[in-house]
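Peer 1: Next up, coords.txt (compact mmCIF, C-alpha atoms).
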# COMPACT_ATOMS: atom_id res chain seq x y z
CA HIS A 1 6.94 -0.73 -8.61
CA ASN A 2 9.71 -1.52 -11.13
CA ARG A 3 10.78 2.14 -11.30
CA ILE A 4 13.88 1.93 -9.07
CA ASN A 5 16.88 -0.34 -9.56
CA THR A 6 16.88 -3.05 -6.87
CA LYS A 7 20.24 -4.57 -7.78
CA GLY A 8 21.98 -5.64 -4.58
CA VAL A 9 18.75 -5.73 -2.57
CA TYR A 10 18.00 -9.18 -1.16
CA PRO A 11 14.59 -10.23 -2.53
CA MET A 12 11.78 -11.00 -0.14
CA ALA A 13 8.67 -10.92 -2.35
CA PRO A 14 9.82 -9.61 -5.76
CA SER A 15 6.38 -8.92 -7.24
CA PHE A 16 5.72 -6.60 -4.27
CA ASP A 17 9.24 -5.42 -3.34
CA THR A 18 10.06 -1.81 -4.07
CA ILE A 19 12.37 0.85 -2.66
CA GLY A 20 10.82 3.76 -0.81
CA TRP A 21 12.22 6.77 0.99
CA PHE A 22 11.49 9.30 3.72
CA ALA A 23 12.09 13.04 3.77
CA ASN A 24 11.35 15.91 6.14
CA SER A 25 10.13 18.21 3.37
CA ALA A 26 8.19 17.92 0.13
CA GLU A 27 11.08 19.48 -1.79
CA ILE A 28 13.59 16.84 -0.66
CA PHE A 29 11.04 14.09 -1.18
CA GLN A 30 10.60 15.20 -4.80
CA LYS A 31 14.35 15.57 -5.40
CA VAL A 32 15.01 12.02 -4.22
CA GLY A 33 12.39 10.80 -6.67
CA ASP A 34 14.06 12.70 -9.50
CA VAL A 35 17.31 10.87 -8.75
CA LEU A 36 15.99 7.35 -8.14
CA LEU A 37 13.10 6.90 -10.58
CA ASP A 38 13.75 5.30 -13.94
CA LYS A 39 13.00 7.88 -16.63
CA ILE A 40 11.95 5.30 -19.25
CA GLU A 41 8.98 3.70 -17.48
CA ARG A 42 7.14 6.93 -16.67
CA SER A 43 3.51 7.72 -17.39
CA ASP A 44 2.74 10.29 -20.06
CA VAL A 45 -0.88 10.65 -18.89
CA ASN A 46 -1.78 14.04 -17.40
CA PHE A 47 -3.37 14.45 -13.99
CA LYS A 48 -7.13 15.01 -14.13
CA ARG A 49 -8.59 14.87 -10.63
CA PHE A 50 -8.38 13.74 -7.02
CA LEU A 51 -10.89 11.20 -5.71
CA ILE A 52 -11.72 10.03 -2.18
CA ALA A 53 -11.47 6.24 -1.89
CA GLU A 54 -14.70 5.93 0.06
CA ASP A 55 -14.46 2.20 0.75
CA LEU A 56 -10.94 2.59 2.19
CA LEU A 57 -11.99 5.52 4.35
CA GLU A 58 -14.75 3.36 5.86
CA LEU A 59 -12.12 0.94 7.20
CA CYS A 60 -10.72 3.62 9.53
CA ASP A 61 -11.58 4.42 13.14
CA ALA A 62 -14.43 6.92 13.51
CA GLU A 63 -12.06 9.62 14.79
CA VAL A 64 -9.76 9.18 11.80
CA GLN A 65 -12.72 9.38 9.41
CA ASP A 66 -13.97 12.59 11.06
CA ASN A 67 -10.54 14.22 11.02
CA PHE A 68 -10.00 13.20 7.40
CA ASN A 69 -13.38 14.57 6.30
CA ASN A 70 -12.73 17.87 8.08
CA TYR A 71 -9.29 18.16 6.48
CA ILE A 72 -10.64 17.44 3.00
CA LYS A 73 -13.52 19.88 3.50
CA ASN A 74 -11.02 22.65 4.20
CA ASN A 75 -8.48 21.74 1.51
CA LEU A 76 -10.29 19.91 -1.33
CA PRO A 77 -13.96 20.86 -0.88
CA ASP A 78 -15.07 19.88 -4.40
CA ILE A 79 -13.49 16.43 -4.49
CA ASP A 80 -15.57 13.46 -5.74
CA LYS A 81 -15.88 10.07 -4.06
CA ASN A 82 -15.81 6.53 -5.43
CA ARG A 83 -15.44 2.96 -4.20
CA LEU A 84 -12.26 1.37 -5.54
CA SER A 85 -13.42 -2.22 -5.29
CA LYS A 86 -16.64 -4.10 -4.58
CA ILE A 87 -14.56 -6.90 -3.05
CA ASN A 88 -14.33 -7.21 0.72
CA LYS A 89 -10.96 -5.73 1.68
CA GLY A 90 -10.24 -8.67 3.98
CA ILE A 91 -10.37 -10.94 0.93
CA ILE A 92 -7.95 -8.67 -0.94
CA ALA A 93 -5.58 -8.76 2.05
CA ASP A 94 -5.85 -12.56 2.24
CA ASN A 95 -4.81 -12.90 -1.41
CA PHE A 96 -1.97 -10.46 -0.81
CA ARG A 97 -0.88 -12.66 2.11
CA ILE A 98 -0.90 -15.79 -0.09
CA LEU A 99 1.09 -14.25 -2.93
CA GLN A 100 3.59 -12.45 -0.74
CA GLY A 101 3.91 -15.47 1.56
CA ASN A 102 4.63 -17.78 -1.35
CA GLU A 103 7.42 -15.49 -2.56
CA VAL A 104 8.81 -15.40 0.99
CA LYS A 105 8.65 -19.20 0.94
CA ILE A 106 10.79 -19.24 -2.19
CA ASN A 107 13.27 -16.49 -1.27
CA ILE A 108 13.57 -16.28 2.52
CA ILE A 109 12.61 -19.58 4.12
CA PRO A 110 15.53 -21.55 2.62
CA TRP A 111 17.95 -19.06 4.22
CA ILE A 112 16.13 -19.39 7.57
CA GLU A 113 16.27 -23.19 7.40
CA ASN A 114 19.98 -23.13 6.61
CA ASN A 115 21.03 -20.48 9.12
CA LYS A 116 18.48 -21.02 11.92
CA PRO A 117 18.43 -17.43 13.22
CA ASN A 118 16.64 -16.42 16.42
CA ILE A 119 13.32 -14.90 15.39
CA SER A 120 10.37 -13.62 17.42
CA PRO A 121 7.30 -15.83 17.95
CA GLU A 122 5.16 -13.48 15.83
CA ILE A 123 7.55 -13.63 12.87
CA LYS A 124 7.92 -17.40 13.31
CA ASN A 125 4.14 -17.79 13.07
CA ARG A 126 4.13 -15.85 9.80
CA ILE A 127 7.03 -17.91 8.44
CA ASP A 128 5.18 -21.10 9.37
CA MET A 129 2.09 -19.79 7.58
CA ALA A 130 4.10 -19.01 4.46
CA SER A 131 5.69 -22.45 4.40
CA LYS A 132 2.25 -24.09 4.22
CA ILE A 133 0.92 -22.12 1.21
CA THR A 134 -0.02 -24.47 -1.62
CA ASP A 135 0.36 -24.16 -5.39
CA ILE A 136 -3.44 -24.26 -5.75
CA GLU A 137 -3.80 -21.29 -3.38
CA VAL A 138 -1.19 -19.37 -5.37
CA SER A 139 -2.87 -20.11 -8.71
CA LYS A 140 -6.22 -18.86 -7.42
CA ALA A 141 -4.62 -15.76 -5.89
CA LEU A 142 -2.87 -14.89 -9.18
CA ILE A 143 -6.20 -15.01 -11.01
CA PHE A 144 -7.73 -12.90 -8.24
CA ARG A 145 -4.94 -10.36 -8.63
CA GLU A 146 -5.51 -9.98 -12.37
CA ASN A 147 -9.25 -9.49 -11.84
CA LEU A 148 -8.58 -6.90 -9.14
CA ILE A 149 -6.21 -5.00 -11.43
CA ASP A 150 -8.94 -4.89 -14.10
CA GLU A 151 -11.49 -3.62 -11.58
CA ILE A 152 -9.23 -0.88 -10.18
CA GLU A 153 -8.34 0.28 -13.70
CA LYS A 154 -12.04 1.11 -14.14
CA SER A 155 -12.70 2.66 -10.73
CA LEU A 156 -9.38 4.55 -10.59
CA PRO A 157 -8.42 5.18 -14.23
CA GLU A 158 -5.25 6.85 -15.46
CA GLY A 159 -5.23 10.54 -14.58
CA THR A 160 -7.04 10.03 -11.25
CA ILE A 161 -5.39 10.00 -7.82
CA ALA A 162 -7.17 8.40 -4.86
CA VAL A 163 -6.92 10.12 -1.46
CA PHE A 164 -7.49 8.32 1.85
CA PRO A 165 -5.96 7.93 5.35
CA THR A 166 -2.66 6.04 5.36
CA SER A 167 -3.68 3.94 8.37
CA PRO A 168 -7.02 3.18 10.05
CA PHE A 169 -5.46 4.22 13.37
CA SER A 170 -2.25 5.68 14.79
CA ALA A 171 0.57 3.35 15.83
CA PRO A 172 -0.49 0.92 18.59
CA LYS A 173 1.35 1.00 21.90
CA SER A 174 4.43 -1.19 22.18
CA GLY A 175 4.49 -4.29 24.34
CA GLN A 176 1.17 -5.75 23.20
CA ASP A 177 0.68 -9.49 22.81
CA ASP A 178 0.86 -11.25 19.45
CA GLU A 179 -2.91 -11.65 19.18
CA SER A 180 -3.53 -7.93 19.62
CA LEU A 181 -0.76 -7.04 17.16
CA GLY A 182 -2.19 -9.52 14.68
CA SER A 183 -5.55 -7.77 14.87
CA PHE A 184 -3.93 -4.40 14.17
CA ARG A 185 -1.92 -5.85 11.29
CA LYS A 186 -5.03 -7.42 9.72
CA ARG A 187 -6.88 -4.09 9.70
CA LEU A 188 -3.83 -2.29 8.35
CA MET A 189 -3.40 -4.79 5.50
CA GLU A 190 -7.04 -4.37 4.51
CA LEU A 191 -6.35 -0.68 3.94
CA THR A 192 -2.89 -0.91 2.36
CA SER A 193 -2.92 -4.04 0.19
CA ILE A 194 -4.48 -2.54 -2.96
CA ALA A 195 -1.32 -0.65 -3.95
CA GLY A 196 0.85 -3.75 -3.76
CA MET A 197 -1.69 -6.01 -5.43
CA THR A 198 -2.05 -3.63 -8.39
CA SER A 199 1.60 -2.44 -8.59
CA ARG A 200 0.52 1.20 -8.28
CA PRO A 201 2.63 3.89 -6.57
CA GLN A 202 1.43 5.23 -3.23
CA ILE A 203 2.90 7.99 -1.08
CA THR A 204 1.95 9.22 2.36
CA ILE A 205 2.18 12.75 3.70
CA PRO A 206 2.02 13.86 7.38
CA ARG A 207 -1.29 15.68 7.23
CA LEU A 208 -3.52 13.73 9.62
CA LYS A 209 -3.53 12.64 13.28
CA ASP A 210 -5.83 11.08 15.82
CA LYS A 211 -5.71 11.68 19.58
CA SER A 212 -2.84 9.19 19.97
CA GLY A 213 -0.51 10.19 17.13
CA PRO A 214 0.12 10.48 13.39
CA VAL A 215 -2.05 8.70 10.81
CA GLY A 216 -1.12 10.37 7.51
CA ILE A 217 -2.90 10.91 4.20
CA SER A 218 -2.07 8.67 1.24
CA LEU A 219 -2.17 9.34 -2.49
CA LEU A 220 -2.61 6.33 -4.77
CA GLY A 221 -1.90 6.87 -8.46
CA TRP A 222 -1.93 4.81 -11.62
CA LYS A 223 0.92 2.63 -12.83
CA TYR A 224 4.17 4.56 -13.39
CA SER A 225 2.62 7.84 -12.17
CA ASP A 226 5.25 8.28 -9.43
CA GLU A 227 6.44 11.71 -10.61
CA ILE A 228 2.88 13.00 -10.81
CA LEU A 229 2.19 11.92 -7.24
CA LEU A 230 5.35 13.72 -6.13
CA ASN A 231 4.31 16.88 -7.93
CA LYS A 232 0.79 16.81 -6.47
CA LEU A 233 1.60 16.12 -2.83
CA THR A 234 1.85 19.84 -2.00
CA GLU A 235 -1.78 20.34 -3.11
CA ILE A 236 -3.12 18.14 -0.31
Represent the structure contained in this file as structure tokens.

Peer 2:
Amino acid sequence: HNRINTKGVYPMAPSFDTIGWFANSAEIFQKVGDVLLDKIERSDVNFKRFLIAEDLLELCDAEVQDNFNNYIKNNLPDIDKNRLSKINKGIIADNFRILQGNEVKINIIPWIENNKPNISPEIKNRIDMASKITDIEVSKALIFRENLIDEIEKSLPEGTIAVFPTSPFSAPKSGQDDESLGSFRKRLMELTSIAGMTSRPQITIPRLKDKSGPVGISLLGWKYSDEILLNKLTEI
């Protein structure tokens, strides 16, 4: 976060918004990072170790957990484990939802009200939710975010990279109803919200699948450690 120029990008939730990229090889992925990343705000802390984010792994389907453990056993057999946060991950995701939703309320909803575009029922429900977020909810969520940042700085200090599945499951089948999709999204947010809430870089690499499709393995670093993550992805 805050490592790539977002000039010209329409803001949705600025404290979470960042620019990412895809590549079909590690070499290209790294080269894109060399071009895009601001060279001033880069970490000068050296890499020390990988760490399994045990509490995030526990959020995944049993098959994903088994496949992840087998992969790690074969590729990083001496890796340590730690729990990133004692807080229930649903609570972290709820605070993410409040903060992001409030920024959507400020940046996106006025455009929707003025232009009245056709939007899906699922997106409309989320827009309606965002419009009802109160200042008191936002104030509490901001305090929560600062406390979470302090906690993660202790459990995942500079020099340490957390490793865990990118998703608790592979992509759900298309055509499902809003309630089912909402359930999938809730579980996904519980696994993915820590990076956004703490402004830490996270990358995913195509190293894991379940019986239905790709799941991926994620690396979560410390603030401004983007280049180090890019350099370490080939070791996973």

Peer 1: May I have a table of the residues of region 153-190 of chain A lying at most 10 Å from region 57-74 of chain A, giving each one's closest pair of atoms and their distance in Å to one decimal, counting all atoms listed in the file, ordered by chain and ascending residue number, as a tab-separated table?

Peer 2:
residue	atom	partner	partner_atom	distance
A:Val163	CA	A:Leu57	CA	9.0
A:Phe164	CA	A:Leu57	CA	5.9
A:Pro165	CA	A:Leu57	CA	6.6
A:Thr166	CA	A:Cys60	CA	9.4
A:Ser167	CA	A:Cys60	CA	7.1
A:Pro168	CA	A:Cys60	CA	3.8
A:Phe169	CA	A:Asp61	CA	6.1
A:Ser170	CA	A:Val64	CA	8.8
A:Arg187	CA	A:Leu59	CA	7.7
A:Leu188	CA	A:Leu59	CA	9.0
A:Glu190	CA	A:Leu59	CA	7.8

Peer 1: Do you have the CA of Arg42 (chain A)-CA of Thr6 (chain A) distance handy?

Peer 2: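 According to the coordinates, CA of Arg42 (chain A) and CA of Thr6 (chain A) are separated by 17.0 Å.
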
Peer 1: Identify, on the basis of only C-alpha atoms, every residue whose closest approach to Asn46 (chain A) does not exceed 10 Å; exclude the query and any residue fewer than 3 positions from it along the same chain; express the result as a VMD selection string.

Peer 2: chain A and resid 43 49 158 to 160 225 228

Peer 1: Name the residues in contact with Asn125 (chain A) at a cut-off of 12 Å, using only C-alpha atoms, excluding same-chain residues fewer than 5 positions from it; report them as a list of chain:residue names.

Peer 2: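 Near neighbours after the sequence-gap exclusion: A:Gly101, A:Ile119, A:Ser120, A:Ala130, A:Ser131, A:Lys132, A:Asp178, A:Glu179, A:Gly182.
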
Peer 1: Using all atoms of region 103-115 of chain A listed in the file and a margin of 8 Å per side, can you give the axis-aligned box centre and edge lengths in Å to one decimal, as lines of an AutoDock Vina configuration file?

Peer 2:
center_x = 14.2
center_y = -19.3
center_z = 3.3
size_x = 29.6
size_y = 23.8
size_z = 27.7

Peer 1: State, in Å with one decimal place, the distance from CA of Ile112 (chain A) to CA of Glu137 (chain A).

Peer 2: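 Taking CA of Ile112 (chain A) and CA of Glu137 (chain A), their separation equals 22.8 Å.
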
Peer 1: Considering only C-alpha atoms, state which residue in the set A:Ile87, A:Val45, A:Leu220, A:Val35 is at the smallest distance from Ile161 (chain A).

Peer 2: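 For Ile161 (chain A), the nearest of the candidates is A:Leu220.
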
Peer 1: What's the 7 Å shell around Arg3 (chain A), counting all atoms listed in the file, without same-chain residues fewer than 2 positions away, as number ranges by chain?

Peer 2: A: 1, 5, 37-38, 41

Peer 1: Interatomic distance between CA of Ser199 (chain A) and CA of Phe16 (chain A)?

Peer 2: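 Answer for the CA of Ser199 (chain A) to CA of Phe16 (chain A) separation: 7.3 Å.
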
Peer 1: At a cut-off of 7 Å, using all atoms listed in the file, what residues contact Glu54 (chain A)? Leave out same-chain residues fewer than 4 positions from it and give the result as a CSV table (one decimal) with C-alpha atoms, in the coordinates of the input.

Peer 2:
chain,number,residue,atom,x,y,z
A,58,GLU,CA,-14.8,3.4,5.9
A,81,LYS,CA,-15.9,10.1,-4.1
A,82,ASN,CA,-15.8,6.5,-5.4
A,83,ARG,CA,-15.4,3.0,-4.2
